[in-house]
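Read the structure below first, then the notes.
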Amino acid sequence: MPSRRPTSLLLTLFGVLFLTLPSSAIKFALQSHRYPPAKCIWNTAHTNALVIVTANVGPGSGQRVDVEIVDSSPQKNVYLHKRNINDETRLAVTAHADGEVGVCFKNHLDDVPAHEAATKSRIIDLDVDIGADAVDYNAIANQESLSGLETEMRKLEGIVKEMVEEMEFLKRRENDFKARMVLSTNVRVQNFAWFTIVALLALGAWQIMHLRSFFKRKYLID
């Protein structure tokens, strides 16, 4: 019985860690247009994170689906653009900056009657794997001849590393936020101080002028 405790503890740890990972699979209908707007699905990714995009595009006559992978950084990086994807398409990119990576689809409509345009759409089944989820551990296991337990340990190592990087990223954001808050507070205090000085000077000048006018009316001063 005691020998089973490490195994059960390990399985429990696996379950907790995998349950903490967000699901990135989505299925939706993409309406077609002559000049289609982009429909983007965004996922958080960190610098140098591997992003695997698997898009399964359903059939649809007279329609062309294009895909583009971008990010939300100030540079607005465009990682790739692919036209006319059909069936299952698998794409891989590496994030260049911390932020969000967006998978954007456009469904272009060919020449069809106007009354049929509103009924045209294609089903998109999208799956986005980022970081440890994007690594093919089965290929690694075959290449390095790893056992099942060793493969699971390798997965666990990748997940823990990703969690540590996420915590460091959140810590950096917190420090940046605190720095901006301190700078903003200092500027506001400084502006309030200058406003107070100007207001006091203006009030003092007004009081002097008022008293001078009062004393003149009373013939106390020339």
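By convention in this document, the chains of the structure tokens carry letters A, B, ... by their order, each chain's residues are numbered from 1, and ligands are numbered from 1 in the order they are shown.
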Requested in this report: Mind listing the strand (DSSP E or B) residues of segment 34-200 of chain A, per DSSP on the backbone, as a VMD selection string?
Outcome: chain A and resid 39 to 45 50 to 57 63 to 71 78 to 82 87 to 94 99 to 109 121 to 130
Requested in this report: Among the residues of segment 15-206 of chain A, find those DSSP assigns to alpha helix (DSSP H) from the backbone and print them as a PyMOL selection string.
Outcome: chain A and resi 15-19+114-117+137-144+148-206
Please, which residues in segment 115-171 of chain A fall within 8 Å of segment 60-66 of chain A when counting only C-alpha atoms, and what is the closest atom pair and distance in Å to one decimal for each, ordered by chain then residue number, as a tab-separated table?
```
residue	atom	partner	partner_atom	distance
A:Lys120	CA	A:Gly60	CA	7.5
A:Ser121	CA	A:Gly60	CA	6.9
A:Arg122	CA	A:Gly60	CA	5.7
```
Excluding Glu157 of chain A and residues on its chain fewer than 2 positions from it, collect all residues at most 12 Å away from it, counting only C-alpha atoms, and give them as a JSON list (two decimals) with all heavy atoms, in the first residue's frame.
```json
[["chain", "number", "residue", "atom", "x", "y", "z"],
["A", 13, "LEU", "N", -1.39, 15.38, -9.04],
["A", 13, "LEU", "CA", -0.70, 16.59, -9.48],
["A", 13, "LEU", "C", -0.91, 16.83, -10.96],
["A", 13, "LEU", "O", -1.13, 17.97, -11.40],
["A", 13, "LEU", "CB", 0.78, 16.48, -9.14],
["A", 13, "LEU", "CG", 1.64, 17.72, -9.44],
["A", 13, "LEU", "CD1", 1.11, 18.93, -8.68],
["A", 13, "LEU", "CD2", 3.10, 17.46, -9.06],
["A", 14, "PHE", "N", -0.83, 15.75, -11.76],
["A", 14, "PHE", "CA", -1.10, 15.86, -13.20],
["A", 14, "PHE", "C", -2.48, 16.44, -13.43],
["A", 14, "PHE", "O", -2.67, 17.33, -14.24],
["A", 14, "PHE", "CB", -1.01, 14.48, -13.86],
["A", 14, "PHE", "CG", 0.41, 14.00, -14.07],
["A", 14, "PHE", "CD1", 0.67, 12.65, -14.25],
["A", 14, "PHE", "CD2", 1.46, 14.90, -14.08],
["A", 14, "PHE", "CE1", 1.96, 12.20, -14.45],
["A", 14, "PHE", "CE2", 2.76, 14.47, -14.27],
["A", 14, "PHE", "CZ", 3.02, 13.10, -14.45],
["A", 17, "LEU", "N", -2.76, 20.20, -12.56],
["A", 17, "LEU", "CA", -2.06, 21.07, -13.52],
["A", 17, "LEU", "C", -2.78, 21.12, -14.85],
["A", 17, "LEU", "O", -2.89, 22.18, -15.46],
["A", 17, "LEU", "CB", -0.61, 20.59, -13.71],
["A", 17, "LEU", "CG", 0.32, 20.84, -12.52],
["A", 17, "LEU", "CD1", 1.68, 20.22, -12.78],
["A", 17, "LEU", "CD2", 0.47, 22.34, -12.26],
["A", 131, "GLY", "N", 2.74, 27.09, -26.14],
["A", 131, "GLY", "CA", 3.71, 26.70, -25.13],
["A", 131, "GLY", "C", 3.84, 25.20, -25.00],
["A", 131, "GLY", "O", 4.04, 24.48, -25.98],
["A", 132, "ALA", "N", 3.68, 24.72, -23.76],
["A", 132, "ALA", "CA", 3.85, 23.29, -23.51],
["A", 132, "ALA", "C", 2.81, 22.46, -24.24],
["A", 132, "ALA", "O", 3.07, 21.32, -24.64],
["A", 132, "ALA", "CB", 3.78, 23.03, -22.00],
["A", 133, "ASP", "N", 1.61, 23.01, -24.44],
["A", 133, "ASP", "CA", 0.56, 22.28, -25.14],
["A", 133, "ASP", "C", 0.90, 22.05, -26.61],
["A", 133, "ASP", "O", 0.38, 21.13, -27.24],
["A", 133, "ASP", "CB", -0.76, 23.05, -25.06],
["A", 133, "ASP", "CG", -1.35, 23.02, -23.67],
["A", 133, "ASP", "OD1", -0.90, 22.17, -22.87],
["A", 133, "ASP", "OD2", -2.23, 23.84, -23.37],
["A", 135, "VAL", "N", 3.88, 21.35, -27.84],
["A", 135, "VAL", "CA", 5.01, 20.43, -28.03],
["A", 135, "VAL", "C", 4.48, 19.02, -28.30],
["A", 135, "VAL", "O", 3.58, 18.55, -27.61],
["A", 135, "VAL", "CB", 5.92, 20.43, -26.78],
["A", 135, "VAL", "CG1", 7.08, 19.45, -26.97],
["A", 135, "VAL", "CG2", 6.46, 21.83, -26.53],
["A", 137, "TYR", "N", 5.00, 15.68, -27.63],
["A", 137, "TYR", "CA", 5.76, 14.83, -26.72],
["A", 137, "TYR", "C", 5.84, 13.39, -27.22],
["A", 137, "TYR", "O", 6.77, 12.67, -26.84],
["A", 137, "TYR", "CB", 5.14, 14.88, -25.32],
["A", 137, "TYR", "CG", 5.37, 16.21, -24.63],
["A", 137, "TYR", "CD1", 4.38, 17.16, -24.58],
["A", 137, "TYR", "CD2", 6.59, 16.49, -24.04],
["A", 137, "TYR", "CE1", 4.59, 18.38, -23.95],
["A", 137, "TYR", "CE2", 6.82, 17.70, -23.40],
["A", 137, "TYR", "CZ", 5.81, 18.64, -23.37],
["A", 137, "TYR", "OH", 6.03, 19.85, -22.75],
["A", 150, "GLU", "N", 8.17, 8.66, -18.11],
["A", 150, "GLU", "CA", 9.15, 9.70, -18.45],
["A", 150, "GLU", "C", 8.54, 10.75, -19.37],
["A", 150, "GLU", "O", 8.83, 11.95, -19.24],
["A", 150, "GLU", "CB", 10.37, 9.06, -19.11],
["A", 150, "GLU", "CG", 11.23, 8.25, -18.16],
["A", 150, "GLU", "CD", 12.34, 7.51, -18.88],
["A", 150, "GLU", "OE1", 12.14, 7.17, -20.07],
["A", 150, "GLU", "OE2", 13.39, 7.28, -18.26],
["A", 151, "THR", "N", 7.68, 10.32, -20.27],
["A", 151, "THR", "CA", 7.00, 11.27, -21.16],
["A", 151, "THR", "C", 6.08, 12.19, -20.37],
["A", 151, "THR", "O", 6.05, 13.40, -20.60],
["A", 151, "THR", "CB", 6.19, 10.52, -22.23],
["A", 151, "THR", "OG1", 7.06, 9.64, -22.96],
["A", 151, "THR", "CG2", 5.55, 11.48, -23.20],
["A", 152, "GLU", "N", 5.32, 11.61, -19.42],
["A", 152, "GLU", "CA", 4.44, 12.42, -18.59],
["A", 152, "GLU", "C", 5.24, 13.39, -17.73],
["A", 152, "GLU", "O", 4.82, 14.54, -17.51],
["A", 152, "GLU", "CB", 3.57, 11.52, -17.71],
["A", 152, "GLU", "CG", 2.56, 10.68, -18.47],
["A", 152, "GLU", "CD", 1.60, 11.54, -19.26],
["A", 152, "GLU", "OE1", 1.22, 12.62, -18.75],
["A", 152, "GLU", "OE2", 1.23, 11.16, -20.39],
["A", 153, "MET", "N", 6.41, 12.95, -17.25],
["A", 153, "MET", "CA", 7.26, 13.83, -16.46],
["A", 153, "MET", "C", 7.79, 14.97, -17.31],
["A", 153, "MET", "O", 7.90, 16.12, -16.85],
["A", 153, "MET", "CB", 8.42, 13.04, -15.85],
["A", 153, "MET", "CG", 8.01, 12.08, -14.75],
["A", 153, "MET", "SD", 7.31, 12.92, -13.32],
["A", 153, "MET", "CE", 8.71, 13.87, -12.76],
["A", 154, "ARG", "N", 8.10, 14.68, -18.57],
["A", 154, "ARG", "CA", 8.56, 15.72, -19.48],
["A", 154, "ARG", "C", 7.45, 16.75, -19.73],
["A", 154, "ARG", "O", 7.69, 17.95, -19.78],
["A", 154, "ARG", "CB", 9.02, 15.09, -20.79],
["A", 154, "ARG", "CG", 9.63, 16.08, -21.78],
["A", 154, "ARG", "CD", 10.97, 16.60, -21.30],
["A", 154, "ARG", "NE", 11.95, 15.55, -21.22],
["A", 154, "ARG", "CZ", 12.74, 15.18, -22.26],
["A", 154, "ARG", "NH1", 12.60, 15.79, -23.43],
["A", 154, "ARG", "NH2", 13.63, 14.22, -22.11],
["A", 155, "LYS", "N", 6.21, 16.24, -19.89],
["A", 155, "LYS", "CA", 5.07, 17.15, -20.04],
["A", 155, "LYS", "C", 4.91, 18.02, -18.79],
["A", 155, "LYS", "O", 4.69, 19.23, -18.89],
["A", 155, "LYS", "CB", 3.78, 16.35, -20.27],
["A", 155, "LYS", "CG", 3.69, 15.65, -21.61],
["A", 155, "LYS", "CD", 2.36, 14.91, -21.71],
["A", 155, "LYS", "CE", 2.26, 14.15, -23.02],
["A", 155, "LYS", "NZ", 0.97, 13.40, -23.12],
["A", 159, "ILE", "N", 4.97, 22.12, -18.38],
["A", 159, "ILE", "CA", 3.85, 22.87, -17.82],
["A", 159, "ILE", "C", 4.30, 23.72, -16.64],
["A", 159, "ILE", "O", 3.93, 24.89, -16.51],
["A", 159, "ILE", "CB", 2.73, 21.91, -17.39],
["A", 159, "ILE", "CG1", 2.13, 21.22, -18.63],
["A", 159, "ILE", "CG2", 1.65, 22.64, -16.63],
["A", 159, "ILE", "CD1", 1.16, 20.11, -18.29],
["A", 160, "VAL", "N", 5.13, 23.13, -15.76],
["A", 160, "VAL", "CA", 5.63, 23.88, -14.60],
["A", 160, "VAL", "C", 6.48, 25.06, -15.06],
["A", 160, "VAL", "O", 6.37, 26.18, -14.53],
["A", 160, "VAL", "CB", 6.43, 22.95, -13.68],
["A", 160, "VAL", "CG1", 7.13, 23.76, -12.59],
["A", 160, "VAL", "CG2", 5.52, 21.91, -13.05],
["A", 161, "LYS", "N", 7.31, 24.84, -16.07],
["A", 161, "LYS", "CA", 8.14, 25.92, -16.61],
["A", 161, "LYS", "C", 7.26, 27.05, -17.16],
["A", 161, "LYS", "O", 7.54, 28.23, -16.95],
["A", 161, "LYS", "CB", 9.06, 25.39, -17.70],
["A", 161, "LYS", "CG", 9.98, 26.43, -18.30],
["A", 161, "LYS", "CD", 10.87, 25.83, -19.37],
["A", 161, "LYS", "CE", 11.77, 26.89, -19.99],
["A", 161, "LYS", "NZ", 12.63, 26.32, -21.07],
["A", 162, "GLU", "N", 6.19, 26.66, -17.83],
["A", 162, "GLU", "CA", 5.28, 27.66, -18.39],
["A", 162, "GLU", "C", 4.58, 28.44, -17.28],
["A", 162, "GLU", "O", 4.38, 29.65, -17.39],
["A", 162, "GLU", "CB", 4.25, 26.97, -19.27],
["A", 162, "GLU", "CG", 3.48, 27.91, -20.17],
["A", 162, "GLU", "CD", 2.61, 27.15, -21.15],
["A", 162, "GLU", "OE1", 1.75, 26.38, -20.69],
["A", 162, "GLU", "OE2", 2.79, 27.31, -22.37],
["A", 163, "MET", "N", 4.21, 27.75, -16.19],
["A", 163, "MET", "CA", 3.57, 28.42, -15.07],
["A", 163, "MET", "C", 4.53, 29.41, -14.40],
["A", 163, "MET", "O", 4.13, 30.52, -14.01],
["A", 163, "MET", "CB", 3.07, 27.39, -14.06],
["A", 163, "MET", "CG", 1.94, 26.52, -14.58],
["A", 163, "MET", "SD", 1.47, 25.22, -13.42],
["A", 163, "MET", "CE", 0.83, 26.19, -12.07],
["A", 164, "VAL", "N", 5.80, 29.02, -14.27],
["A", 164, "VAL", "CA", 6.80, 29.92, -13.68],
["A", 164, "VAL", "C", 6.98, 31.16, -14.56],
["A", 164, "VAL", "O", 7.05, 32.29, -14.06],
["A", 164, "VAL", "CB", 8.14, 29.19, -13.49],
["A", 164, "VAL", "CG1", 9.24, 30.16, -13.08],
["A", 164, "VAL", "CG2", 8.00, 28.10, -12.43]]
```
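When only C-alpha atoms are used to measure the gap to Leu109 of chain A, the shortest distance among A:Asn84, A:Ser73, A:Ser184, A:Ser145 belongs to A:Asn84.
Interatomic distance, atom CA of Ala97 of chain A to atom CA of Asp71 of chain A: 8.1 Å.
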Query raised in the report: Got a sec: who's within 9 Å of Val53 of chain A, counting only C-alpha atoms, leaving out chain neighbours fewer than 6 positions off, as a ChimeraX atom specification?
Result: /A:89-93,103,126-130,134
**Report entry** Proximity to Asp111 of chain A - best of A:Arg217, A:Arg188, A:Lys27, A:Arg34, only C-alpha atoms
**Finding:**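 Under the stated criterion, the closest residue is A:Arg34.
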**Report entry** Residue neighbourhood His46 of chain A, 10 Å, only C-alpha atoms, exclusion window fewer than 3 positions, as a list in words
**Finding:**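 Neighbouring residues, sequence-local ones excluded: Ala49, Leu50, Val51, Thr94, Ala95, His96, Ala97, Asp98, Gly99, Glu100, Val101, Ile130, Gly131, Glu162, Glu165, Glu166 and Phe169 of chain A.
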